[in-house]
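Just run-v1.csv here, CSV, C-alpha atoms:
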chain,number,residue,atom,x,y,z
K,1,ALA,CA,0.0,0.0,0.0
K,2,VAL,CA,2.9,2.4,0.8
K,3,LYS,CA,4.5,1.6,-2.5
K,4,ALA,CA,1.2,2.3,-4.3
K,5,SER,CA,0.6,5.6,-2.4
K,6,PRO,CA,4.0,6.9,-1.3
K,7,ASP,CA,2.6,10.4,-0.7
K,8,ASP,CA,-0.1,9.2,1.8
K,9,PRO,CA,1.1,10.2,5.4
K,10,ALA,CA,-1.6,8.0,7.0
K,11,LEU,CA,0.0,4.9,5.4
K,12,ALA,CA,3.5,6.0,6.3
K,13,VAL,CA,2.4,6.4,9.9
K,14,ALA,CA,0.7,3.0,9.8
K,15,ARG,CA,4.0,1.5,8.6
K,16,CYS,CA,5.9,3.1,11.5
K,17,ARG,CA,3.3,1.9,14.0
K,18,PHE,CA,3.7,-1.7,12.6
K,19,ILE,CA,7.5,-1.6,13.0
K,20,GLY,CA,7.1,0.0,16.4
K,21,SER,CA,5.1,-3.0,17.6
K,22,PHE,CA,8.2,-5.1,17.5
K,23,THR,CA,10.5,-2.9,19.6
K,24,ASP,CA,9.5,-3.9,23.1
K,25,GLU,CA,12.2,-6.3,24.3
K,26,GLU,CA,10.9,-6.6,27.9
K,27,TYR,CA,7.1,-6.8,27.6
K,28,GLY,CA,6.1,-7.2,23.9
K,29,ASP,CA,7.2,-8.6,20.6
K,30,TRP,CA,10.9,-8.2,19.7
K,31,ILE,CA,12.9,-8.2,16.5
K,32,GLU,CA,16.5,-7.1,16.9
K,33,SER,CA,16.5,-4.8,13.9
K,34,ALA,CA,13.2,-3.2,14.7
K,35,PRO,CA,14.4,-0.3,17.0
K,36,ASP,CA,16.8,1.0,14.4
K,37,GLU,CA,14.2,0.6,11.6
K,38,TYR,CA,11.6,2.4,13.8
K,39,GLU,CA,13.9,5.3,14.4
K,40,THR,CA,14.6,5.5,10.7
K,41,CYS,CA,10.9,5.4,9.9
K,42,GLN,CA,10.2,8.2,12.4
K,43,GLU,CA,12.9,10.4,10.8
K,44,ALA,CA,11.4,9.7,7.3
K,45,LEU,CA,8.0,10.9,8.5
K,46,ARG,CA,9.4,14.1,9.9
K,47,THR,CA,11.3,14.7,6.7
K,48,SER,CA,8.5,13.9,4.2
K,49,PHE,CA,5.4,14.8,6.1
K,50,SER,CA,6.4,17.3,8.8
K,51,SER,CA,3.1,19.2,8.8
K,52,ALA,CA,0.7,16.3,8.2
K,53,PRO,CA,-1.8,15.9,11.0
K,54,ASP,CA,-1.3,12.1,11.1
K,55,VAL,CA,2.4,12.6,11.7
K,56,LEU,CA,1.9,15.4,14.3
K,57,LEU,CA,-0.5,13.2,16.2
K,58,PHE,CA,1.8,10.2,15.9
K,59,ASP,CA,4.6,12.2,17.5
K,60,LEU,CA,2.3,13.5,20.2
K,61,GLN,CA,1.2,10.1,21.2
K,62,SER,CA,4.7,9.2,22.2
K,63,MET,CA,4.8,12.1,24.7
K,64,TRP,CA,3.6,12.1,28.3
K,65,GLY,CA,2.8,14.5,31.0
K,66,THR,CA,3.5,18.2,30.7
K,67,GLU,CA,5.3,17.8,27.4
K,68,ALA,CA,2.2,16.1,25.9
K,69,ALA,CA,-0.2,18.7,27.3
K,70,GLU,CA,1.8,21.6,26.0
K,71,GLU,CA,2.3,20.1,22.5
K,72,GLY,CA,-1.3,19.0,22.3
K,73,GLU,CA,-2.5,22.5,23.2
K,74,ARG,CA,-0.2,23.9,20.6
K,75,LEU,CA,-1.8,21.6,17.9
K,76,LEU,CA,-5.3,22.4,19.0
K,77,GLY,CA,-5.7,25.6,17.0
K,78,ALA,CA,-4.9,23.9,13.7
K,79,ALA,CA,-6.9,20.8,14.5
K,80,GLY,CA,-10.2,22.4,13.6
K,81,SER,CA,-9.6,21.4,10.0
K,82,TRP,CA,-8.4,17.9,10.7
K,83,PRO,CA,-10.5,14.9,9.9
K,84,LEU,CA,-12.8,14.0,12.8
K,85,PRO,CA,-11.0,10.8,13.9
K,86,LEU,CA,-7.7,12.7,14.2
K,87,ARG,CA,-9.4,15.6,16.1
K,88,LYS,CA,-11.0,13.1,18.5
K,89,ALA,CA,-7.6,11.3,19.0
K,90,LEU,CA,-6.0,14.7,19.8
K,91,LEU,CA,-8.7,15.5,22.4
K,92,ILE,CA,-8.3,12.0,24.0
K,93,LYS,CA,-4.6,12.5,24.3
K,94,LEU,CA,-5.1,16.0,25.8
K,95,ALA,CA,-7.6,14.7,28.4
K,96,GLU,CA,-5.2,11.9,29.3
K,97,ALA,CA,-2.2,14.3,29.5
K,98,HIS,CA,-4.0,16.8,31.8
K,99,SER,CA,-5.4,14.0,33.9
K,100,TYR,CA,-1.9,12.7,34.6
K,101,GLY,CA,-0.9,16.3,35.3
K,102,ASP,CA,-3.7,16.6,37.9
K,103,ASP,CA,-5.4,19.4,36.0
K,104,LYS,CA,-8.9,18.0,36.4
K,105,THR,CA,-10.7,21.0,34.9
K,106,ARG,CA,-8.8,20.9,31.6
K,107,ALA,CA,-8.8,17.1,31.5
K,108,GLY,CA,-12.6,17.2,32.0
K,109,LYS,CA,-13.0,19.9,29.3
K,110,PHE,CA,-11.2,17.8,26.7
K,111,ALA,CA,-12.9,14.6,27.8
K,112,LEU,CA,-16.3,16.4,27.2
K,113,MET,CA,-15.1,17.6,23.7
K,114,ALA,CA,-14.0,14.1,22.8
K,115,ALA,CA,-17.3,12.6,24.1
K,116,GLU,CA,-19.3,15.1,22.0
K,117,LEU,CA,-17.4,13.7,19.0
K,118,GLY,CA,-18.4,10.2,19.9
K,119,GLU,CA,-15.7,8.9,22.2
K,120,HIS,CA,-17.9,6.9,24.6
K,121,SER,CA,-15.0,5.8,26.8
K,122,LEU,CA,-14.7,9.4,28.2
K,123,VAL,CA,-18.4,9.9,28.9
K,124,PRO,CA,-17.8,9.3,32.7
K,125,GLU,CA,-15.1,12.0,32.8
K,126,ALA,CA,-17.3,14.3,30.8
K,127,ILE,CA,-20.2,13.9,33.1
K,128,GLY,CA,-18.0,14.6,36.1
K,129,HIS,CA,-16.8,17.8,34.4
K,130,LEU,CA,-20.4,18.9,33.7
K,131,VAL,CA,-21.6,18.1,37.2
K,132,ALA,CA,-18.6,20.0,38.8
K,133,LYS,CA,-19.8,23.1,36.8
K,134,ASP,CA,-23.5,22.6,37.8
K,135,ARG,CA,-24.4,21.8,34.2
K,136,PHE,CA,-26.7,19.0,35.3
K,137,ALA,CA,-29.1,19.1,32.3
K,138,GLU,CA,-26.2,18.7,29.9
K,139,ALA,CA,-24.8,15.8,31.9
K,140,ILE,CA,-28.2,14.0,31.8
K,141,ALA,CA,-28.5,14.7,28.1
K,142,LEU,CA,-25.0,13.3,27.4
K,143,LEU,CA,-25.8,10.1,29.5
K,144,ARG,CA,-29.1,9.6,27.7
K,145,SER,CA,-27.6,10.1,24.2
K,146,THR,CA,-24.7,7.8,24.7
K,147,PRO,CA,-25.2,4.1,23.6
K,148,ALA,CA,-25.1,1.6,26.4
K,149,ALA,CA,-21.7,0.3,27.4
K,150,THR,CA,-20.6,-3.0,25.9
K,151,GLY,CA,-18.6,-4.3,28.9
K,152,ALA,CA,-18.8,-4.6,32.7
K,153,TRP,CA,-16.0,-2.1,33.5
K,154,GLU,CA,-17.3,0.6,31.3
K,155,ALA,CA,-20.9,0.1,32.5
K,156,LYS,CA,-19.7,0.4,36.1
K,157,ARG,CA,-17.9,3.7,35.3
K,158,ARG,CA,-21.1,5.0,33.7
K,159,VAL,CA,-23.2,4.1,36.7
K,160,ASP,CA,-20.7,5.7,39.1
K,161,ALA,CA,-20.7,8.9,37.0
K,162,ALA,CA,-24.5,9.0,37.0
K,163,LEU,CA,-24.3,8.9,40.8
K,164,LEU,CA,-22.8,12.4,40.7
K,165,ILE,CA,-26.0,13.8,39.1
K,166,PRO,CA,-28.2,15.3,41.9
K,167,GLU,CA,-31.4,14.1,40.3
K,168,ARG,CA,-31.3,10.7,41.9
K,169,LYS,CA,-33.0,8.4,39.3
K,170,TRP,CA,-30.2,8.5,36.7
K,171,ALA,CA,-27.8,6.1,38.2
K,172,ARG,CA,-30.5,3.4,38.4
K,173,TRP,CA,-31.7,4.4,34.9
K,174,GLU,CA,-28.2,3.7,33.6
K,175,LEU,CA,-28.0,0.4,35.7
K,176,ALA,CA,-31.3,-0.8,34.1
K,177,ARG,CA,-29.8,-0.6,30.7
K,178,TYR,CA,-27.7,-3.7,31.6
K,179,ALA,CA,-30.5,-5.8,33.1
K,180,THR,CA,-30.4,-8.2,30.1
K,181,SER,CA,-26.7,-7.9,29.1
K,182,ASP,CA,-24.3,-10.8,29.0
K,183,PHE,CA,-22.2,-9.2,31.8
K,184,THR,CA,-22.9,-8.1,35.4
K,185,VAL,CA,-22.4,-4.6,36.6
K,186,SER,CA,-20.3,-4.2,39.8
K,187,ALA,CA,-22.5,-5.1,42.8
K,188,ASP,CA,-21.1,-2.1,44.7
K,189,SER,CA,-22.2,0.3,42.0
K,190,ALA,CA,-25.6,-1.4,41.6
K,191,ALA,CA,-26.2,-1.2,45.3
K,192,ARG,CA,-25.2,2.4,45.4
K,193,ALA,CA,-27.5,3.2,42.5
K,194,HIS,CA,-30.5,1.7,44.4
K,195,LEU,CA,-29.6,3.6,47.5
K,196,HIS,CA,-29.2,6.8,45.5
K,197,ALA,CA,-32.7,6.2,44.1
K,198,GLY,CA,-34.1,5.8,47.6
K,199,ASP,CA,-34.7,2.1,47.4
K,200,PRO,CA,-32.8,0.4,50.2
K,201,ALA,CA,-34.9,-2.8,49.8
K,202,ALA,CA,-33.6,-3.3,46.3
K,203,ALA,CA,-30.1,-2.7,47.5
K,204,ARG,CA,-30.5,-5.1,50.4
K,205,ALA,CA,-31.9,-7.8,48.0
K,206,LEU,CA,-28.4,-7.9,46.5
K,207,LEU,CA,-27.0,-9.1,49.9
K,208,LYS,CA,-29.2,-12.2,49.6
K,209,LYS,CA,-27.7,-13.3,46.3
K,210,ALA,CA,-25.0,-15.9,46.7
K,211,GLU,CA,-23.1,-14.8,43.7
K,212,VAL,CA,-22.9,-11.2,44.8
K,213,THR,CA,-20.1,-9.8,46.9
K,214,LEU,CA,-20.4,-6.3,48.3
K,215,SER,CA,-17.5,-4.4,49.8
K,216,ASP,CA,-17.8,-3.9,53.6
K,217,LYS,CA,-18.3,-0.1,53.1
K,218,VAL,CA,-21.2,-0.5,50.7
K,219,ARG,CA,-22.7,-3.4,52.8
K,220,PHE,CA,-22.6,-1.2,55.8
K,221,ASP,CA,-24.4,1.6,54.0
K,222,VAL,CA,-27.0,-0.8,52.7
K,223,LEU,CA,-27.7,-2.2,56.2
K,224,VAL,CA,-28.0,1.2,57.7
K,225,ALA,CA,-30.4,2.4,54.9
K,226,ALA,CA,-32.4,-0.7,55.5
K,227,GLY,CA,-32.6,0.0,59.3
K,228,ASP,CA,-30.6,-3.0,60.4
K,229,LEU,CA,-28.1,-1.3,62.6
K,230,LYS,CA,-27.4,-4.5,64.6
K,231,ALA,CA,-26.0,-6.2,61.5
K,232,ALA,CA,-24.3,-3.0,60.5
K,233,SER,CA,-22.5,-2.8,63.9
K,234,ALA,CA,-20.7,-6.1,63.1
K,235,LEU,CA,-18.9,-4.2,60.4
K,236,VAL,CA,-17.4,-1.7,62.8
K,237,ASP,CA,-13.8,-2.4,63.7
K,238,LEU,CA,-11.8,0.4,65.3
K,239,ALA,CA,-8.7,-1.8,65.3
K,240,ASP,CA,-8.6,-1.5,61.6
K,241,LEU,CA,-6.1,1.3,61.5
K,242,ASP,CA,-5.6,1.2,57.7
K,243,ALA,CA,-9.2,2.4,57.3
K,244,PHE,CA,-9.5,4.3,60.6
K,245,THR,CA,-11.5,7.2,59.1
K,246,GLU,CA,-14.0,4.9,57.5
K,247,GLN,CA,-14.3,2.9,60.7
K,248,MET,CA,-14.9,6.0,62.8
K,249,ARG,CA,-17.6,7.0,60.3
K,250,ARG,CA,-19.4,3.7,60.8
K,251,PHE,CA,-18.9,3.9,64.6
K,252,ALA,CA,-20.5,7.3,64.8
K,253,ILE,CA,-23.5,6.2,62.7
K,254,VAL,CA,-24.1,3.2,64.9
K,255,LEU,CA,-23.4,5.1,68.1
K,256,VAL,CA,-26.1,7.7,67.3
K,257,GLY,CA,-28.6,5.3,65.8
K,258,ALA,CA,-28.4,2.2,68.0
K,259,PRO,CA,-25.8,2.5,70.8
K,260,MET,CA,-26.9,-0.7,72.5
K,261,THR,CA,-25.7,-2.7,69.6
K,262,LEU,CA,-22.1,-1.8,70.5
K,263,THR,CA,-22.3,-3.6,73.8
K,264,SER,CA,-21.5,-6.9,72.1
K,265,TRP,CA,-18.0,-5.6,71.7

Translate the structure of the given file into structure tokens.
Amino acid sequence: AVKASPDDPALAVARCRFIGSFTDEEYGDWIESAPDEYETCQEALRTSFSSAPDVLLFDLQSMWGTEAAEEGERLLGAAGSWPLPLRKALLIKLAEAHSYGDDKTRAGKFALMAAELGEHSLVPEAIGHLVAKDRFAEAIALLRSTPAATGAWEAKRRVDAALLIPERKWARWELARYATSDFTVSADSAARAHLHAGDPAAARALLKKAEVTLSDKVRFDVLVAAGDLKAASALVDLADLDAFTEQMRRFAIVLVGAPMTLTSW
């Protein structure tokens, strides 16, 4: 293909990517000549296609942290004329770079821009950004317009993001989209969605399922919401110094709600 279209920068980049996939001696595939060939290929790209968006993006994707954020921002002005897949890839990289740099505001901004271009994997980050700015209607609209996730991890992230929306029904609305899927959403996220919707009975029903395992934190919250402070008190352990703040939270709730249950200690 490269021989047939030697002036196509996308094909030239694809050739370099292919060579690059054989340069990881420690964790990936390895061919001894590949690192030198990869470097030669990169130099050829910069010589022949120095201003091509495919090549600029290819170079950017090998950068990390502040360097990636600064270079990505520099490219942003010209990216308005790029093909949509390349613009989306640039926004994804910017969201990632700013996230690693702990600039949550800019990371969220670029995640939202990428999500609006169809990058569904960044919808949770985009919703978090909108909620942080009190743009709740936009967060709901984005959640509703995004196709259901196709895997358990992404579905969990969507439900967790929906929990940030003050209108309490949306986390359970998102959870319901996976009722007949071939995977199971995280039990913790499902229980929290039911609690958020004001339905502790549905959350507690999860405790009765043998195949479901809830974390102690969520189990405690479910039991408290269901009014079973006696069972909840069994999950208080002030000797657990690794989670002392969480244990003190539980202790305070039980102490106020049902102090007599603590006498069993």

- [ ] Just give me the gap between atom CA of K:His194 and atom CA of K:Arg172 in Å, one decimal is fine.
- [x]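 These two atoms are separated by 6.2 Å.
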
Open item on the list: List as number ranges by chain the protein and nucleic acid residues near K:Thr40, meaning an atom at most 12 Å away when only C-alpha atoms are counted, but skip any in the same chain fewer than 5 places from it.
Closed with: K: 12, 15-16, 19-20, 33-35, 45-47

Save the residues we just selected, C-alpha atoms, as a compact mmCIF listing (two decimals), in the frame of the given file?
# COMPACT_ATOMS: atom_id res chain seq x y z
CA ALA K 12 3.50 6.00 6.30
CA ARG K 15 4.00 1.50 8.60
CA CYS K 16 5.90 3.10 11.50
CA ILE K 19 7.50 -1.60 13.00
CA GLY K 20 7.10 0.00 16.40
CA SER K 33 16.50 -4.80 13.90
CA ALA K 34 13.20 -3.20 14.70
CA PRO K 35 14.40 -0.30 17.00
CA LEU K 45 8.00 10.90 8.50
CA ARG K 46 9.40 14.10 9.90
CA THR K 47 11.30 14.70 6.70

TODO: Grab the atom CA of K:Ser62 to atom CA of K:Ile127 distance for me, in Å with one decimal place.
DONE: 27.6 Å

Task: Straight-line distance linking atom CA of K:Asp8 with atom CA of K:Gly118, stated in Å to one decimal - done: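 Atom CA of K:Asp8 sits 25.8 Å away from atom CA of K:Gly118.
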
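For the residues K:Asp36, K:Thr213, K:Val254, K:Met63, ranking by smallest atom-to-atom distance to K:Asp228 using all atoms listed in the file places K:Val254 first.
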
TODO: Would you mind telling me which residue in K:Ala176, K:Leu117, K:Leu90, K:Ala258 lies nearest to K:Glu71 when using all atoms listed in the file?
DONE: K:Leu90

Open item on the list: Can you tell me which residues surround K:Lys93 at a distance of at most 12 Å, considering all atoms listed in the file, apart from same-chain residues fewer than 4 positions away, and format the answer as JSON, numbers by chain?
Closed with: {"K": [57, 58, 59, 60, 61, 62, 63, 64, 65, 66, 67, 68, 69, 70, 71, 72, 73, 75, 76, 86, 87, 88, 89, 97, 98, 99, 100, 106, 107, 110, 111, 113, 114, 119, 122]}

Using only C-alpha atoms, which residues sit within 12 Å of K:Glu154 once same-chain residues fewer than 5 positions away are excluded, as a compact mmCIF listing (two decimals) with C-alpha atoms, in the frame of the given file?
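File produced: out.txt:
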# COMPACT_ATOMS: atom_id res chain seq x y z
CA HIS K 120 -17.90 6.90 24.60
CA SER K 121 -15.00 5.80 26.80
CA LEU K 122 -14.70 9.40 28.20
CA VAL K 123 -18.40 9.90 28.90
CA PRO K 124 -17.80 9.30 32.70
CA GLU K 125 -15.10 12.00 32.80
CA PRO K 147 -25.20 4.10 23.60
CA ALA K 148 -25.10 1.60 26.40
CA ALA K 149 -21.70 0.30 27.40
CA VAL K 159 -23.20 4.10 36.70
CA ASP K 160 -20.70 5.70 39.10
CA ALA K 161 -20.70 8.90 37.00
CA GLU K 174 -28.20 3.70 33.60
CA LEU K 175 -28.00 0.40 35.70
CA TYR K 178 -27.70 -3.70 31.60
CA PHE K 183 -22.20 -9.20 31.80
CA THR K 184 -22.90 -8.10 35.40
CA VAL K 185 -22.40 -4.60 36.60
CA SER K 186 -20.30 -4.20 39.80
CA SER K 189 -22.20 0.30 42.00

Closest pair table for stretch 112-219 of chain K residues within 12 Å of stretch 242-248 of chain K, all atoms listed in the file, as a Markdown table:
| residue | atom | partner | partner_atom | distance |
| --- | --- | --- | --- | --- |
| K:Asp216 | CA | K:Glu246 | CA | 10.3 |
| K:Lys217 | CA | K:Glu246 | CA | 7.9 |
| K:Val218 | CA | K:Glu246 | CA | 11.3 |

TODO: With a distance cut-off of 10 Å and only C-alpha atoms, select the neighbouring residues of K:Leu163, excluding the residue or stretch itself and same-chain residues fewer than 3 positions from it, and output the selection as a ChimeraX atom specification.
DONE: /K:128,157-160,166-172,174,189,192-193,196-197

TODO: Give as a ChimeraX atom specification the set of residues within 12 Å of the point (-33.2, -5.8, 46.0), where distances use the file's coordinates and all atoms listed in the file.
DONE: /K:187,190-195,198-209,212,222,226

TODO: Show which residues sit within 9 Å of K:Ala231, as a PyMOL selection string. Count only C-alpha atoms, and ignore same-chain residues fewer than 6 positions away.
DONE: chain K and resi 220+223-224+261

Task: Closest of K:Leu214, K:Leu84, K:Ala139, K:Ala10 to K:Ala126 - atom-to-atom distances counting only C-alpha atoms - done: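 Smallest separation from K:Ala126 among the options: K:Ala139.
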
Reconstruct N, CA and C atoms of stretch 99-135 of chain K from the incomplete input and present them as an mmCIF file, in the frame of the given file.
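Saved file out.cif follows:
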data_model
loop_
_atom_site.group_PDB
_atom_site.id
_atom_site.type_symbol
_atom_site.label_atom_id
_atom_site.label_comp_id
_atom_site.auth_asym_id
_atom_site.auth_seq_id
_atom_site.Cartn_x
_atom_site.Cartn_y
_atom_site.Cartn_z
ATOM 1 N N SER K 99 -4.996 14.828 32.760
ATOM 2 C CA SER K 99 -5.400 14.000 33.900
ATOM 3 C C SER K 99 -4.154 13.539 34.669
ATOM 4 N N TYR K 100 -3.114 13.117 33.946
ATOM 5 C CA TYR K 100 -1.900 12.700 34.600
ATOM 6 C C TYR K 100 -1.203 13.925 35.275
ATOM 7 N N GLY K 101 -1.455 15.115 34.741
ATOM 8 C CA GLY K 101 -0.900 16.300 35.300
ATOM 9 C C GLY K 101 -1.747 16.906 36.434
ATOM 10 N N ASP K 102 -2.807 16.205 36.809
ATOM 11 C CA ASP K 102 -3.700 16.600 37.900
ATOM 12 C C ASP K 102 -4.428 17.923 37.620
ATOM 13 N N ASP K 103 -4.610 18.273 36.358
ATOM 14 C CA ASP K 103 -5.400 19.400 36.000
ATOM 15 C C ASP K 103 -6.813 18.889 35.628
ATOM 16 N N LYS K 104 -7.638 18.642 36.636
ATOM 17 C CA LYS K 104 -8.900 18.000 36.400
ATOM 18 C C LYS K 104 -9.855 18.818 35.535
ATOM 19 N N THR K 105 -9.753 20.138 35.687
ATOM 20 C CA THR K 105 -10.700 21.000 34.900
ATOM 21 C C THR K 105 -10.387 20.881 33.428
ATOM 22 N N ARG K 106 -9.120 20.988 33.030
ATOM 23 C CA ARG K 106 -8.800 20.900 31.600
ATOM 24 C C ARG K 106 -8.970 19.457 31.101
ATOM 25 N N ALA K 107 -8.629 18.486 31.941
ATOM 26 C CA ALA K 107 -8.800 17.100 31.500
ATOM 27 C C ALA K 107 -10.326 16.850 31.273
ATOM 28 N N GLY K 108 -11.186 17.371 32.143
ATOM 29 C CA GLY K 108 -12.600 17.200 32.000
ATOM 30 C C GLY K 108 -13.137 17.939 30.735
ATOM 31 N N LYS K 109 -12.578 19.120 30.488
ATOM 32 C CA LYS K 109 -13.000 19.900 29.300
ATOM 33 C C LYS K 109 -12.708 19.120 28.028
ATOM 34 N N PHE K 110 -11.513 18.546 27.927
ATOM 35 C CA PHE K 110 -11.200 17.800 26.700
ATOM 36 C C PHE K 110 -11.887 16.478 26.633
ATOM 37 N N ALA K 111 -12.151 15.873 27.781
ATOM 38 C CA ALA K 111 -12.900 14.600 27.800
ATOM 39 C C ALA K 111 -14.348 14.922 27.253
ATOM 40 N N LEU K 112 -14.935 16.054 27.655
ATOM 41 C CA LEU K 112 -16.300 16.400 27.200
ATOM 42 C C LEU K 112 -16.240 16.664 25.656
ATOM 43 N N MET K 113 -15.227 17.368 25.185
ATOM 44 C CA MET K 113 -15.100 17.600 23.700
ATOM 45 C C MET K 113 -14.996 16.327 22.963
ATOM 46 N N ALA K 114 -14.201 15.387 23.501
ATOM 47 C CA ALA K 114 -14.000 14.100 22.800
ATOM 48 C C ALA K 114 -15.340 13.295 22.871
ATOM 49 N N ALA K 115 -16.023 13.326 24.014
ATOM 50 C CA ALA K 115 -17.300 12.600 24.100
ATOM 51 C C ALA K 115 -18.323 13.136 23.158
ATOM 52 N N GLU K 116 -18.312 14.449 22.956
ATOM 53 C CA GLU K 116 -19.300 15.100 22.000
ATOM 54 C C GLU K 116 -18.948 14.664 20.573
ATOM 55 N N LEU K 117 -17.718 14.217 20.329
ATOM 56 C CA LEU K 117 -17.400 13.700 19.000
ATOM 57 C C LEU K 117 -17.534 12.212 18.882
ATOM 58 N N GLY K 118 -18.067 11.596 19.953
ATOM 59 C CA GLY K 118 -18.400 10.200 19.900
ATOM 60 C C GLY K 118 -17.445 9.246 20.610
ATOM 61 N N GLU K 119 -16.563 9.796 21.463
ATOM 62 C CA GLU K 119 -15.700 8.900 22.200
ATOM 63 C C GLU K 119 -16.365 8.507 23.513
ATOM 64 N N HIS K 120 -17.034 7.364 23.447
ATOM 65 C CA HIS K 120 -17.900 6.900 24.600
ATOM 66 C C HIS K 120 -17.089 6.575 25.809
ATOM 67 N N SER K 121 -15.821 6.188 25.660
ATOM 68 C CA SER K 121 -15.000 5.800 26.800
ATOM 69 C C SER K 121 -14.798 6.954 27.784
ATOM 70 N N LEU K 122 -14.929 8.196 27.310
ATOM 71 C CA LEU K 122 -14.700 9.400 28.200
ATOM 72 C C LEU K 122 -15.967 10.016 28.668
ATOM 73 N N VAL K 123 -17.097 9.365 28.453
ATOM 74 C CA VAL K 123 -18.400 9.900 28.900
ATOM 75 C C VAL K 123 -18.373 10.071 30.471
ATOM 76 N N PRO K 124 -17.862 9.109 31.254
ATOM 77 C CA PRO K 124 -17.800 9.300 32.700
ATOM 78 C C PRO K 124 -17.073 10.568 33.119
ATOM 79 N N GLU K 125 -15.904 10.780 32.511
ATOM 80 C CA GLU K 125 -15.100 12.000 32.800
ATOM 81 C C GLU K 125 -15.859 13.250 32.398
ATOM 82 N N ALA K 126 -16.525 13.179 31.252
ATOM 83 C CA ALA K 126 -17.300 14.300 30.800
ATOM 84 C C ALA K 126 -18.434 14.661 31.686
ATOM 85 N N ILE K 127 -19.128 13.646 32.177
ATOM 86 C CA ILE K 127 -20.200 13.900 33.100
ATOM 87 C C ILE K 127 -19.702 14.495 34.405
ATOM 88 N N GLY K 128 -18.583 13.984 34.901
ATOM 89 C CA GLY K 128 -18.000 14.600 36.100
ATOM 90 C C GLY K 128 -17.652 16.024 35.916
ATOM 91 N N HIS K 129 -17.145 16.376 34.741
ATOM 92 C CA HIS K 129 -16.800 17.800 34.400
ATOM 93 C C HIS K 129 -18.066 18.639 34.430
ATOM 94 N N LEU K 130 -19.119 18.169 33.793
ATOM 95 C CA LEU K 130 -20.400 18.900 33.700
ATOM 96 C C LEU K 130 -20.993 19.117 35.093
ATOM 97 N N VAL K 131 -20.992 18.053 35.882
ATOM 98 C CA VAL K 131 -21.600 18.100 37.200
ATOM 99 C C VAL K 131 -20.799 19.124 38.095
ATOM 100 N N ALA K 132 -19.465 19.104 37.972
ATOM 101 C CA ALA K 132 -18.600 20.000 38.800
ATOM 102 C C ALA K 132 -18.952 21.476 38.438
ATOM 103 N N LYS K 133 -19.476 21.725 37.248
ATOM 104 C CA LYS K 133 -19.800 23.100 36.800
ATOM 105 C C LYS K 133 -21.336 23.335 36.936
ATOM 106 N N ASP K 134 -22.050 22.429 37.630
ATOM 107 C CA ASP K 134 -23.500 22.600 37.800
ATOM 108 C C ASP K 134 -24.280 22.547 36.514
ATOM 109 N N ARG K 135 -23.721 21.912 35.511
ATOM 110 C CA ARG K 135 -24.400 21.800 34.200
ATOM 111 C C ARG K 135 -25.114 20.459 34.145
#
